[in-house]
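Coordinates from data.pdb are shown below (PDB, C-alpha atoms).
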```
ATOM      1  CA  MET A  28      22.771 142.219 190.177
ATOM      2  CA  TRP A  29      23.286 138.760 188.695
ATOM      3  CA  THR A  30      21.900 138.503 185.184
ATOM      4  CA  ARG A  31      20.203 135.151 184.697
ATOM      5  CA  PRO A  32      20.478 133.039 181.557
ATOM      6  CA  LEU A  33      17.698 133.964 179.117
ATOM      7  CA  GLY A  34      16.126 130.495 179.446
ATOM      8  CA  GLU A  35      15.555 131.009 183.157
ATOM      9  CA  MET A  36      13.869 134.346 182.643
ATOM     10  CA  LEU A  37      11.575 132.968 179.929
ATOM     11  CA  THR A  38      10.723 129.948 182.091
ATOM     12  CA  ASP A  39       9.811 132.244 184.984
ATOM     13  CA  ILE A  40       7.521 134.332 182.821
ATOM     14  CA  GLY A  41       5.991 131.310 181.085
ATOM     15  CA  GLY A  42       5.615 129.488 184.409
ATOM     16  CA  SER A  43       3.745 132.365 185.974
ATOM     17  CA  LEU A  44       1.262 132.252 183.101
ATOM     18  CA  LEU A  45       0.629 128.523 183.265
ATOM     19  CA  GLU A  46      -2.694 128.937 185.029
ATOM     20  CA  LEU A  47      -3.970 130.984 182.113
ATOM     21  CA  ALA A  48      -3.050 128.243 179.669
ATOM     22  CA  SER A  49      -4.544 125.435 181.709
ATOM     23  CA  ALA A  50      -7.956 127.027 182.127
ATOM     24  CA  GLU A  51      -9.490 124.747 179.495
ATOM     25  CA  GLN A  52     -12.990 124.894 180.931
ATOM     26  CA  GLN A  53     -13.206 128.675 180.892
ATOM     27  CA  ILE A  54     -15.211 130.402 178.213
ATOM     28  CA  VAL A  55     -12.491 132.962 177.565
ATOM     29  CA  CYS A  56      -8.873 131.978 177.841
ATOM     30  CA  ALA A  57      -5.567 133.308 176.572
ATOM     31  CA  THR A  58      -4.189 131.296 173.693
ATOM     32  CA  SER A  59      -1.153 133.430 173.061
ATOM     33  CA  ILE A  60       0.713 136.192 174.852
ATOM     34  CA  GLU A  61       3.098 138.656 173.277
ATOM     35  CA  MET A  62       5.546 140.655 175.377
ATOM     36  CA  THR A  63       8.133 143.342 174.748
ATOM     37  CA  LEU A  64      10.697 143.883 177.491
ATOM     38  CA  PRO A  65      13.886 145.876 177.927
ATOM     39  CA  ILE A  66      16.744 143.516 178.667
ATOM     40  CA  ASP A  67      20.209 143.716 180.093
ATOM     41  CA  VAL A  68      22.310 141.226 178.124
ATOM     42  CA  LYS A  69      25.601 139.636 179.118
ATOM     43  CA  LEU A  70      27.613 136.882 177.507
ATOM     44  CA  ARG A  71      29.344 134.579 179.940
ATOM     45  CA  ARG A  72      31.664 131.654 179.503
ATOM     46  CA  TRP A  73      30.786 128.627 181.572
ATOM     47  CA  GLN A  74      32.853 125.465 181.144
ATOM     48  CA  SER A  75      34.050 126.798 177.781
ATOM     49  CA  ALA A  76      30.461 127.187 176.538
ATOM     50  CA  LEU A  77      29.013 130.591 175.791
ATOM     51  CA  VAL A  78      25.924 131.382 177.883
ATOM     52  CA  PHE A  79      23.482 134.003 176.687
ATOM     53  CA  CYS A  80      22.323 135.829 179.817
ATOM     54  CA  ALA A  81      19.437 138.276 179.593
ATOM     55  CA  ASP A  82      17.242 139.692 182.302
ATOM     56  CA  VAL A  83      14.999 142.662 182.897
ATOM     57  CA  PRO A  84      17.059 145.658 184.064
ATOM     58  CA  ALA A  85      17.731 145.876 187.793
ATOM     59  CA  TRP A  86      16.764 149.560 187.944
ATOM     60  CA  ARG A  87      14.050 151.593 186.389
ATOM     61  CA  TRP A  88      16.442 154.349 185.377
ATOM     62  CA  GLN A  89      19.488 153.787 183.261
ATOM     63  CA  THR A  90      22.763 155.345 184.397
ATOM     64  CA  ASP A  91      25.725 156.434 182.280
ATOM     65  CA  TRP A  92      27.732 153.404 183.315
ATOM     66  CA  ASP A  93      25.061 150.932 182.282
ATOM     67  CA  PRO A  94      25.532 149.311 178.883
ATOM     68  CA  PRO A  95      22.693 150.065 176.457
ATOM     69  CA  PHE A  96      19.628 147.925 177.064
ATOM     70  CA  GLY A  97      18.429 145.591 174.372
ATOM     71  CA  GLN A  98      14.857 144.778 173.578
ATOM     72  CA  LEU A  99      13.217 141.365 173.677
ATOM     73  CA  ARG A 100       9.930 140.578 171.967
ATOM     74  CA  PHE A 101       8.454 137.130 172.240
ATOM     75  CA  THR A 102       5.224 135.250 171.771
ATOM     76  CA  LEU A 103       4.133 132.451 174.039
ATOM     77  CA  GLU A 104       1.535 130.167 172.550
ATOM     78  CA  GLN A 105      -0.712 127.586 174.126
ATOM     79  CA  ALA A 106       0.510 124.056 173.528
ATOM     80  CA  ARG A 107      -0.022 120.551 174.837
ATOM     81  CA  PRO A 108       2.963 119.311 176.888
ATOM     82  CA  GLU A 109       3.176 116.069 174.881
ATOM     83  CA  ALA A 110       3.433 118.054 171.632
ATOM     84  CA  GLU A 111       6.553 119.848 172.832
ATOM     85  CA  SER A 112       9.057 117.491 171.234
TER      86      SER A 112
ATOM     87  CA  MET B  25      26.211 144.003 177.546
ATOM     88  CA  ASN B  26      29.570 144.662 179.063
ATOM     89  CA  GLY B  27      31.985 146.373 176.706
ATOM     90  CA  SER B  28      34.967 144.618 178.248
ATOM     91  CA  GLU B  29      33.768 141.264 176.949
ATOM     92  CA  SER B  30      35.608 140.201 173.840
ATOM     93  CA  ALA B  31      34.051 139.654 170.457
ATOM     94  CA  VAL B  32      32.549 136.233 169.778
ATOM     95  CA  PRO B  33      31.850 134.525 166.444
ATOM     96  CA  ILE B  34      28.285 135.227 165.406
ATOM     97  CA  GLU B  35      27.523 131.507 165.045
ATOM     98  CA  ASP B  36      28.525 130.942 168.703
ATOM     99  CA  PHE B  37      26.373 133.898 169.682
ATOM    100  CA  VAL B  38      23.297 132.541 167.868
ATOM    101  CA  GLN B  39      23.918 129.022 169.193
ATOM    102  CA  ALA B  40      24.074 130.358 172.751
ATOM    103  CA  LEU B  41      20.749 132.102 172.182
ATOM    104  CA  GLN B  42      19.188 128.958 170.688
ATOM    105  CA  ALA B  43      20.420 126.876 173.612
ATOM    106  CA  GLN B  44      18.586 129.182 176.029
ATOM    107  CA  LEU B  45      15.358 128.966 174.013
ATOM    108  CA  ASP B  46      15.569 125.163 173.917
ATOM    109  CA  ARG B  47      16.145 125.195 177.653
ATOM    110  CA  ALA B  48      13.076 127.379 178.240
ATOM    111  CA  GLN B  49      10.898 125.104 176.045
ATOM    112  CA  ARG B  50      12.016 122.009 177.938
ATOM    113  CA  ALA B  51      11.585 123.641 181.353
ATOM    114  CA  MET B  52       8.018 124.808 180.601
ATOM    115  CA  HIS B  53       7.148 121.367 179.262
ATOM    116  CA  ILE B  54       8.464 119.678 182.428
ATOM    117  CA  LYS B  55       6.746 122.221 184.658
ATOM    118  CA  ALA B  56       3.359 121.594 183.029
ATOM    119  CA  LYS B  57       3.837 117.817 183.279
ATOM    120  CA  ASN B  58       4.825 118.019 186.953
ATOM    121  CA  LEU B  59       1.780 120.142 187.734
ATOM    122  CA  ASN B  60      -0.342 117.751 185.667
ATOM    123  CA  LEU B  61      -1.633 120.554 183.479
ATOM    124  CA  PRO B  62      -3.259 119.704 180.152
ATOM    125  CA  LEU B  63      -1.837 122.802 178.479
ATOM    126  CA  THR B  64       1.265 124.910 178.731
ATOM    127  CA  PHE B  65       2.801 127.884 176.970
ATOM    128  CA  ALA B  66       5.618 127.409 174.497
ATOM    129  CA  VAL B  67       7.844 130.097 173.013
ATOM    130  CA  LYS B  68       6.710 130.535 169.438
ATOM    131  CA  ASP B  69       8.578 133.559 168.097
ATOM    132  CA  ILE B  70      11.299 135.650 169.607
ATOM    133  CA  ALA B  71      13.020 138.828 168.416
ATOM    134  CA  ILE B  72      15.955 140.561 170.036
ATOM    135  CA  ASP B  73      17.450 143.984 169.335
ATOM    136  CA  LEU B  74      20.971 144.455 170.666
ATOM    137  CA  ARG B  75      23.542 147.212 170.410
ATOM    138  CA  THR B  76      26.755 145.574 169.203
ATOM    139  CA  HIS B  77      29.872 146.151 167.168
ATOM    140  CA  VAL B  78      30.200 143.861 164.202
ATOM    141  CA  GLU B  79      33.735 142.929 163.152
ATOM    142  CA  VAL B  80      35.131 140.697 160.438
ATOM    143  CA  VAL B  81      38.308 138.916 161.516
ATOM    144  CA  LYS B  82      39.852 136.489 159.009
ATOM    145  CA  ASN B  83      36.531 136.021 157.206
ATOM    146  CA  GLN B  84      34.750 135.353 160.456
ATOM    147  CA  VAL B  85      31.931 137.644 161.512
ATOM    148  CA  ARG B  86      32.251 138.516 165.196
ATOM    149  CA  VAL B  87      29.985 140.530 167.430
ATOM    150  CA  ARG B  88      31.189 142.599 170.339
ATOM    151  CA  PRO B  89      28.678 143.934 172.842
ATOM    152  CA  ALA B  90      28.378 147.693 173.080
ATOM    153  CA  GLY B  91      29.619 149.226 176.323
ATOM    154  CA  PRO B  92      28.252 152.109 178.422
ATOM    155  CA  GLY B  93      27.946 155.329 176.423
ATOM    156  CA  ASP B  94      28.793 153.482 173.235
ATOM    157  CA  HIS B  95      26.415 155.367 170.959
ATOM    158  CA  ASP B  96      28.010 154.383 167.638
ATOM    159  CA  ALA B  97      27.288 150.686 167.979
ATOM    160  CA  SER B  98      25.257 148.860 165.342
ATOM    161  CA  LEU B  99      21.820 147.481 166.045
ATOM    162  CA  LEU B 100      21.688 143.724 165.704
ATOM    163  CA  HIS B 101      18.161 142.471 165.142
ATOM    164  CA  LEU B 102      17.626 138.734 165.525
ATOM    165  CA  THR B 103      14.352 136.940 164.920
ATOM    166  CA  LEU B 104      13.898 133.264 165.727
ATOM    167  CA  THR B 105      10.911 131.032 165.392
ATOM    168  CA  THR B 106      10.177 127.480 166.421
ATOM    169  CA  VAL B 107      10.591 124.730 163.888
ATOM    170  CA  THR B 108       9.094 121.268 163.845
ATOM    171  CA  ARG B 109      11.028 118.026 163.403
ATOM    172  CA  PRO B 110       9.873 117.581 159.751
ATOM    173  CA  MET B 111      11.070 121.134 158.991
ATOM    174  CA  ILE B 112      14.498 120.319 160.440
ATOM    175  CA  GLU B 113      14.751 117.123 158.448
ATOM    176  CA  GLU B 114      13.606 118.852 155.272
ATOM    177  CA  ASN B 115      16.260 121.553 155.568
ATOM    178  CA  ALA B 116      19.075 119.465 157.015
ATOM    179  CA  PHE B 117      22.059 118.977 154.787
ATOM    180  CA  PRO B 118      22.565 115.235 154.191
ATOM    181  CA  VAL B 119      26.155 114.555 155.240
ATOM    182  CA  ASP B 120      27.470 111.050 155.655
ATOM    183  CA  ALA B 121      29.307 110.854 158.996
ATOM    184  CA  SER B 122      32.091 108.842 157.362
ATOM    185  CA  GLU B 123      32.741 111.547 154.770
ATOM    186  CA  GLU B 124      35.910 113.574 155.068
ATOM    187  CA  ARG B 125      35.080 117.121 156.065
ATOM    188  CA  LEU B 126      36.969 120.116 154.704
ATOM    189  CA  ASP B 127      38.156 121.087 158.190
ATOM    190  CA  GLU B 128      40.026 117.766 158.342
ATOM    191  CA  VAL B 129      42.068 118.579 155.245
ATOM    192  CA  LYS B 130      45.462 120.033 156.113
ATOM    193  CA  ASP B 131      46.055 121.415 152.625
ATOM    194  CA  ILE B 132      43.264 123.979 152.914
ATOM    195  CA  PRO B 133      44.076 126.978 155.126
ATOM    196  CA  GLU B 134      41.369 127.887 157.629
ATOM    197  CA  GLU B 135      40.572 131.143 155.843
ATOM    198  CA  ASP B 136      40.017 129.338 152.518
ATOM    199  CA  ARG B 137      37.965 126.630 154.215
ATOM    200  CA  ARG B 138      35.687 129.237 155.722
ATOM    201  CA  LYS B 139      35.150 130.800 152.304
ATOM    202  CA  LEU B 140      34.292 127.394 150.855
ATOM    203  CA  GLU B 141      31.837 126.758 153.699
ATOM    204  CA  TRP B 142      30.195 130.085 152.958
ATOM    205  CA  ALA B 143      29.782 128.860 149.400
ATOM    206  CA  GLY B 144      27.934 125.825 150.821
ATOM    207  CA  LEU B 145      30.754 123.284 150.532
ATOM    208  CA  GLN B 146      31.444 121.273 153.672
ATOM    209  CA  THR B 147      32.932 117.977 152.565
ATOM    210  CA  VAL B 148      35.740 116.907 150.283
ATOM    211  CA  ARG B 149      33.256 114.948 148.157
ATOM    212  CA  GLN B 150      31.127 118.057 147.555
ATOM    213  CA  LEU B 151      34.179 120.070 146.589
ATOM    214  CA  LYS B 152      35.383 117.382 144.199
ATOM    215  CA  GLU B 153      31.923 116.965 142.655
ATOM    216  CA  LEU B 154      31.589 120.679 142.065
ATOM    217  CA  HIS B 155      35.093 120.756 140.649
ATOM    218  CA  ASP B 156      34.271 117.920 138.234
ATOM    219  CA  GLN B 157      31.018 119.605 137.175
ATOM    220  CA  SER B 158      32.062 123.236 137.012
ATOM    221  CA  GLY B 159      35.844 123.475 137.202
ATOM    222  CA  THR B 160      38.280 125.325 139.430
ATOM    223  CA  ALA B 161      37.514 128.770 138.031
ATOM    224  CA  THR B 162      33.836 128.543 139.015
ATOM    225  CA  ILE B 163      34.646 127.483 142.580
ATOM    226  CA  GLY B 164      37.251 130.244 142.778
ATOM    227  CA  ARG B 165      34.651 132.820 141.735
ATOM    228  CA  MET B 166      31.980 131.395 144.053
ATOM    229  CA  ALA B 167      34.220 131.325 147.096
ATOM    230  CA  ASP B 168      36.423 134.287 146.147
ATOM    231  CA  LEU B 169      39.600 132.205 146.259
ATOM    232  CA  PRO B 170      42.783 132.452 144.150
ATOM    233  CA  ILE B 171      42.457 129.807 141.424
ATOM    234  CA  ASP B 172      46.065 128.591 141.630
ATOM    235  CA  ARG B 173      45.855 127.946 145.360
ATOM    236  CA  LEU B 174      42.541 126.171 144.966
ATOM    237  CA  ARG B 175      43.827 124.082 142.057
ATOM    238  CA  LYS B 176      46.845 122.942 144.073
ATOM    239  CA  ALA B 177      44.705 122.018 147.081
ATOM    240  CA  LEU B 178      42.238 120.142 144.878
ATOM    241  CA  GLN B 179      45.034 118.313 143.116
ATOM    242  CA  LYS B 180      46.493 117.217 146.450
ATOM    243  CA  MET B 181      43.096 116.080 147.700
ATOM    244  CA  SER B 182      42.356 114.181 144.507
ATOM    245  CA  GLN B 183      45.635 112.269 144.268
ATOM    246  CA  PRO B 184      45.076 108.514 144.401
ATOM    247  CA  MET B 185      46.260 106.823 147.555
ATOM    248  CA  VAL B 186      46.740 103.104 148.225
ATOM    249  CA  ALA B 187      46.068 101.886 151.761
ATOM    250  CA  ARG B 188      46.479  98.142 151.212
ATOM    251  CA  VAL B 189      46.867  95.450 148.558
ATOM    252  CA  ASP B 190      45.379  92.002 149.214
ATOM    253  CA  ALA B 191      45.452  88.848 147.131
ATOM    254  CA  GLU B 192      42.059  87.263 146.479
ATOM    255  CA  PRO B 193      42.066  83.451 146.774
ATOM    256  CA  GLY B 194      42.966  81.541 143.607
ATOM    257  CA  GLU B 195      44.109  77.968 142.994
ATOM    258  CA  THR B 196      47.209  79.005 141.062
ATOM    259  CA  PRO B 197      49.138  82.300 140.990
ATOM    260  CA  ALA B 198      47.765  82.894 137.496
ATOM    261  CA  GLU B 199      44.183  82.861 138.841
ATOM    262  CA  LYS B 200      44.894  85.214 141.691
ATOM    263  CA  LEU B 201      43.255  88.635 141.735
ATOM    264  CA  LEU B 202      44.429  91.659 143.661
ATOM    265  CA  ARG B 203      42.097  93.892 145.639
ATOM    266  CA  ILE B 204      43.476  97.399 146.139
ATOM    267  CA  ARG B 205      41.895  99.603 148.779
ATOM    268  CA  GLY B 206      42.507 103.313 149.238
ATOM    269  CA  ALA B 207      41.104 106.685 148.213
ATOM    270  CA  ASN B 208      40.580 108.528 144.911
ATOM    271  CA  LEU B 209      41.241 105.340 142.971
ATOM    272  CA  MET B 210      38.878 106.304 140.165
ATOM    273  CA  ARG B 211      37.945 109.616 138.584
ATOM    274  CA  ARG B 212      35.976 109.935 135.354
ATOM    275  CA  GLN B 213      37.169 106.678 133.832
ATOM    276  CA  VAL B 214      38.743 103.360 134.793
ATOM    277  CA  PRO B 215      42.322 104.046 135.937
ATOM    278  CA  LYS B 216      45.447 102.787 134.203
ATOM    279  CA  VAL B 217      47.152 100.225 136.416
ATOM    280  CA  ASN B 218      50.527  98.661 135.871
ATOM    281  CA  ILE B 219      52.933  96.571 137.877
ATOM    282  CA  GLU B 220      56.629  97.047 137.200
ATOM    283  CA  GLY B 221      55.673  98.979 134.064
ATOM    284  CA  GLU B 222      53.463  96.208 132.650
ATOM    285  CA  PRO B 223      49.735  96.970 132.237
ATOM    286  CA  VAL B 224      47.225  95.005 134.312
ATOM    287  CA  SER B 225      43.523  94.463 133.544
ATOM    288  CA  VAL B 226      41.109  96.252 135.840
ATOM    289  CA  LEU B 227      38.007  94.153 136.563
ATOM    290  CA  GLN B 228      36.181  96.454 138.963
ATOM    291  CA  ALA B 229      36.820 100.042 139.934
ATOM    292  CA  ASN B 230      35.370 102.627 142.240
ATOM    293  CA  ASP B 231      36.697 105.529 144.264
ATOM    294  CA  ARG B 232      37.837 103.357 147.161
ATOM    295  CA  GLU B 233      38.565  99.953 145.665
ATOM    296  CA  LEU B 234      40.040  98.299 142.567
ATOM    297  CA  LEU B 235      40.007  94.635 141.590
ATOM    298  CA  ILE B 236      42.765  93.762 139.143
ATOM    299  CA  ALA B 237      43.850  90.579 137.391
ATOM    300  CA  PRO B 238      47.652  90.405 137.419
ATOM    301  CA  LYS B 239      49.668  87.790 135.548
ATOM    302  CA  ALA B 240      51.356  85.106 137.610
ATOM    303  CA  HIS B 241      54.657  87.019 137.719
ATOM    304  CA  GLN B 242      52.988  90.284 138.777
ATOM    305  CA  LEU B 243      52.261  89.429 142.415
ATOM    306  CA  GLY B 244      54.968  91.749 143.682
ATOM    307  CA  GLY B 245      56.774  94.910 142.600
ATOM    308  CA  VAL B 246      55.896  98.544 142.121
ATOM    309  CA  LEU B 247      52.208  99.164 141.531
ATOM    310  CA  THR B 248      51.332 102.331 139.623
ATOM    311  CA  ILE B 249      47.804 103.711 139.431
ATOM    312  CA  GLU B 250      47.043 106.663 137.178
ATOM    313  CA  THR B 251      43.515 108.015 137.351
ATOM    314  CA  GLU B 252      44.231 110.956 135.027
ATOM    315  CA  PRO B 253      47.347 112.719 133.743
ATOM    316  CA  GLU B 254      49.121 114.238 136.793
ATOM    317  CA  TYR B 255      47.029 112.104 139.161
ATOM    318  CA  SER B 256      49.022 108.975 139.974
ATOM    319  CA  THR B 257      50.518 107.009 142.834
ATOM    320  CA  GLN B 258      53.144 104.304 143.213
ATOM    321  CA  THR B 259      53.278 101.631 145.913
ATOM    322  CA  ALA B 260      55.620  98.700 146.417
ATOM    323  CA  PHE B 261      53.853  95.477 147.356
ATOM    324  CA  ASP B 262      54.509  91.751 147.556
ATOM    325  CA  VAL B 263      51.794  89.113 147.889
ATOM    326  CA  ARG B 264      53.829  86.242 146.436
ATOM    327  CA  PRO B 265      53.449  83.019 148.401
ATOM    328  CA  SER B 266      56.225  82.420 150.933
ATOM    329  CA  ILE B 267      58.967  79.881 150.045
ATOM    330  CA  GLY B 268      57.481  77.160 152.285
ATOM    331  CA  ALA B 269      54.050  77.519 150.764
ATOM    332  CA  GLU B 270      55.482  77.782 147.267
ATOM    333  CA  SER B 271      57.383  74.473 147.496
ATOM    334  CA  GLY B 272      54.080  72.545 147.498
ATOM    335  CA  ASN B 273      53.040  74.093 144.151
ATOM    336  CA  GLY B 274      56.426  73.692 142.543
ATOM    337  CA  ASP B 275      58.215  76.486 140.778
ATOM    338  CA  LYS B 276      55.352  77.526 138.541
ATOM    339  CA  ALA B 277      55.863  81.242 138.795
TER     340      ALA B 277
END
```
As a first step, turn the structure in this file into structure tokens.
Amino acid sequence: MWTRPLGEMLTDIGGSLLELASAEQQIVCATSIEMTLPIDVKLRRWQSALVFCADVPAWRWQTDWDPPFGQLRFTLEQARPEAES
Amino acid sequence: MNGSESAVPIEDFVQALQAQLDRAQRAMHIKAKNLNLPLTFAVKDIAIDLRTHVEVVKNQVRVRPAGPGDHDASLLHLTLTTVTRPMIEENAFPVDASEERLDEVKDIPEEDRRKLEWAGLQTVRQLKELHDQSGTATIGRMADLPIDRLRKALQKMSQPMVARVDAEPGETPAEKLLRIRGANLMRRQVPKVNIEGEPVSVLQANDRELLIAPKAHQLGGVLTIETEPEYSTQTAFDVRPSIGAESGNGDKA
């Protein structure tokens, strides 16, 4: 399975949570989300640049020929788009 | 990670990770704007645990991903957090883009340069300043470098060098001044300047420029600049007026 660059995986996760962040009118809304995931990490060279690829493992069970999984912990916090830069 | 991949310098590794985080921040920002959402999520903190082998090759720390069944690998734990623009500016190292960087100096081997960078020295000016303040022995101890090698490299870097000699306008040869441009033209005190062995008055002096007042017969010859004992340079120059131009003023020189 193709391991995506870490940025793509984070964008997918963050993108799927966008509705939670935008629910300004709700009484209860998530302001931050913390996740811990196992990750399969690969370093690739693309046009001489090093690309950090990390994705959730393709299979639930790890085999002997799989490299050891890493662990990714991250916190996503509510923010205004204009405050990004 | 795949064990067949070769080791990469740890700074490249961290930069590759940072690049992905920046990319994710930008993508989420654009996504929220495109969907016209008032709020989005931004990555605040991130921590990664990875099984890797850590190697030191020529003073460079390299990480090599652990392969399948590689149970003796080290655990690399990285924690990153977001920083704001003021935080970046506050912690950025002020380096003038025109300053000569240590990696541009041929006299310093790469291994020594890396040690100096670890000690926080990135430019020739910083190295010279620290040398003037603390001496070679201190830098040698800080960067774990042999003092003799460092002293030789510093001496080479600090030697005065003349790039050009120009005559400043003056009505007569006796009123003419010479502007000397180059590098390392002044150290702790005003340099000794002579032309053909005869001393010349120095009117202005800084690291890159000297203004001297030669006598009328000193507008050509060998110029010697000595900033300190063992720090000197010699350059032949000639800014005497050409014969055609001279004939108008008579043979005053």
Chain B residues within 9 Å of chain A, counting all atoms listed in the file: which ones, as an MDAnalysis selection string?
chainID B and resid 25:27 29 32 36:57 61:75 89:95 108:109
Just say which residues the PyMOL selection byres ((chain B and resi 215) around 8) picks in this file, as a PyMOL selection string.
chain B and resi 209-211+213-214+216-217+226+229+249-252
Who sits within 9 Å of B:Thr259, all atoms listed in the file, same chain under 2 positions skipped, as a ChimeraX atom specification:
/B:185-186,245-249,257,261
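Across the model, the gap from atom CA of B:Arg175 to atom CA of B:Ile132 is 10.9 Å.
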Applying 12 Å and all atoms listed in the file, which residues near B:Leu140 remain after dropping the ones on its own chain fewer than 4 positions away? List them as a list in words.
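Using all atoms listed in the file, the neighbours found are Asn83, Arg125, Leu126, Asp127, Ile132, Pro133, Glu134, Glu135, Asp136, Gly144, Leu145, Gln146, Thr147, Val148, Gln150, Leu151, Leu154, Thr162, Ile163, Gly164, Arg165, Met166, Ala167, Asp168, Leu169, Pro170 and Leu174 of chain B.
Relative to atom CA of B:Pro223, atom CA of B:Ala198 is found at 15.2 Å.
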So which residues get picked by the PyMOL selection byres ((chain B and resi 200) around 12) here, written as a list of chain:residue names?
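For this structure, the PyMOL selection byres ((chain B and resi 200) around 12) resolves to B:Asp190, B:Ala191, B:Glu192, B:Pro193, B:Gly194, B:Glu195, B:Thr196, B:Pro197, B:Ala198, B:Glu199, B:Leu201, B:Leu202, B:Arg203, B:Leu235, B:Ile236, B:Ala237, B:Pro238, B:Lys239, B:Ala240, B:His241, B:Gln242, B:Leu243, B:Val263, B:Arg264, B:Pro265.
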Separation of atom CA of B:Asn208 and atom CA of B:Gln183, in Å?
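Pair atom CA of B:Asn208 / atom CA of B:Gln183 returns 6.3 Å.
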Here is a test: counting only C-alpha atoms, which residue of B:Val107, B:Ala207, B:Ser122, B:Arg138 is nearest to B:Lys82?
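The answer is B:Arg138, which sits nearest to B:Lys82.
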Please report, as lines of an AutoDock Vina configuration file, the centre and edge lengths in Å to one decimal of an axis-aligned box covering all listed atoms of stretch 37-55 of chain B with 8 Å per side.
```
center_x = 16.6
center_y = 126.8
center_z = 176.3
size_x = 35.6
size_y = 30.2
size_z = 32.8
```
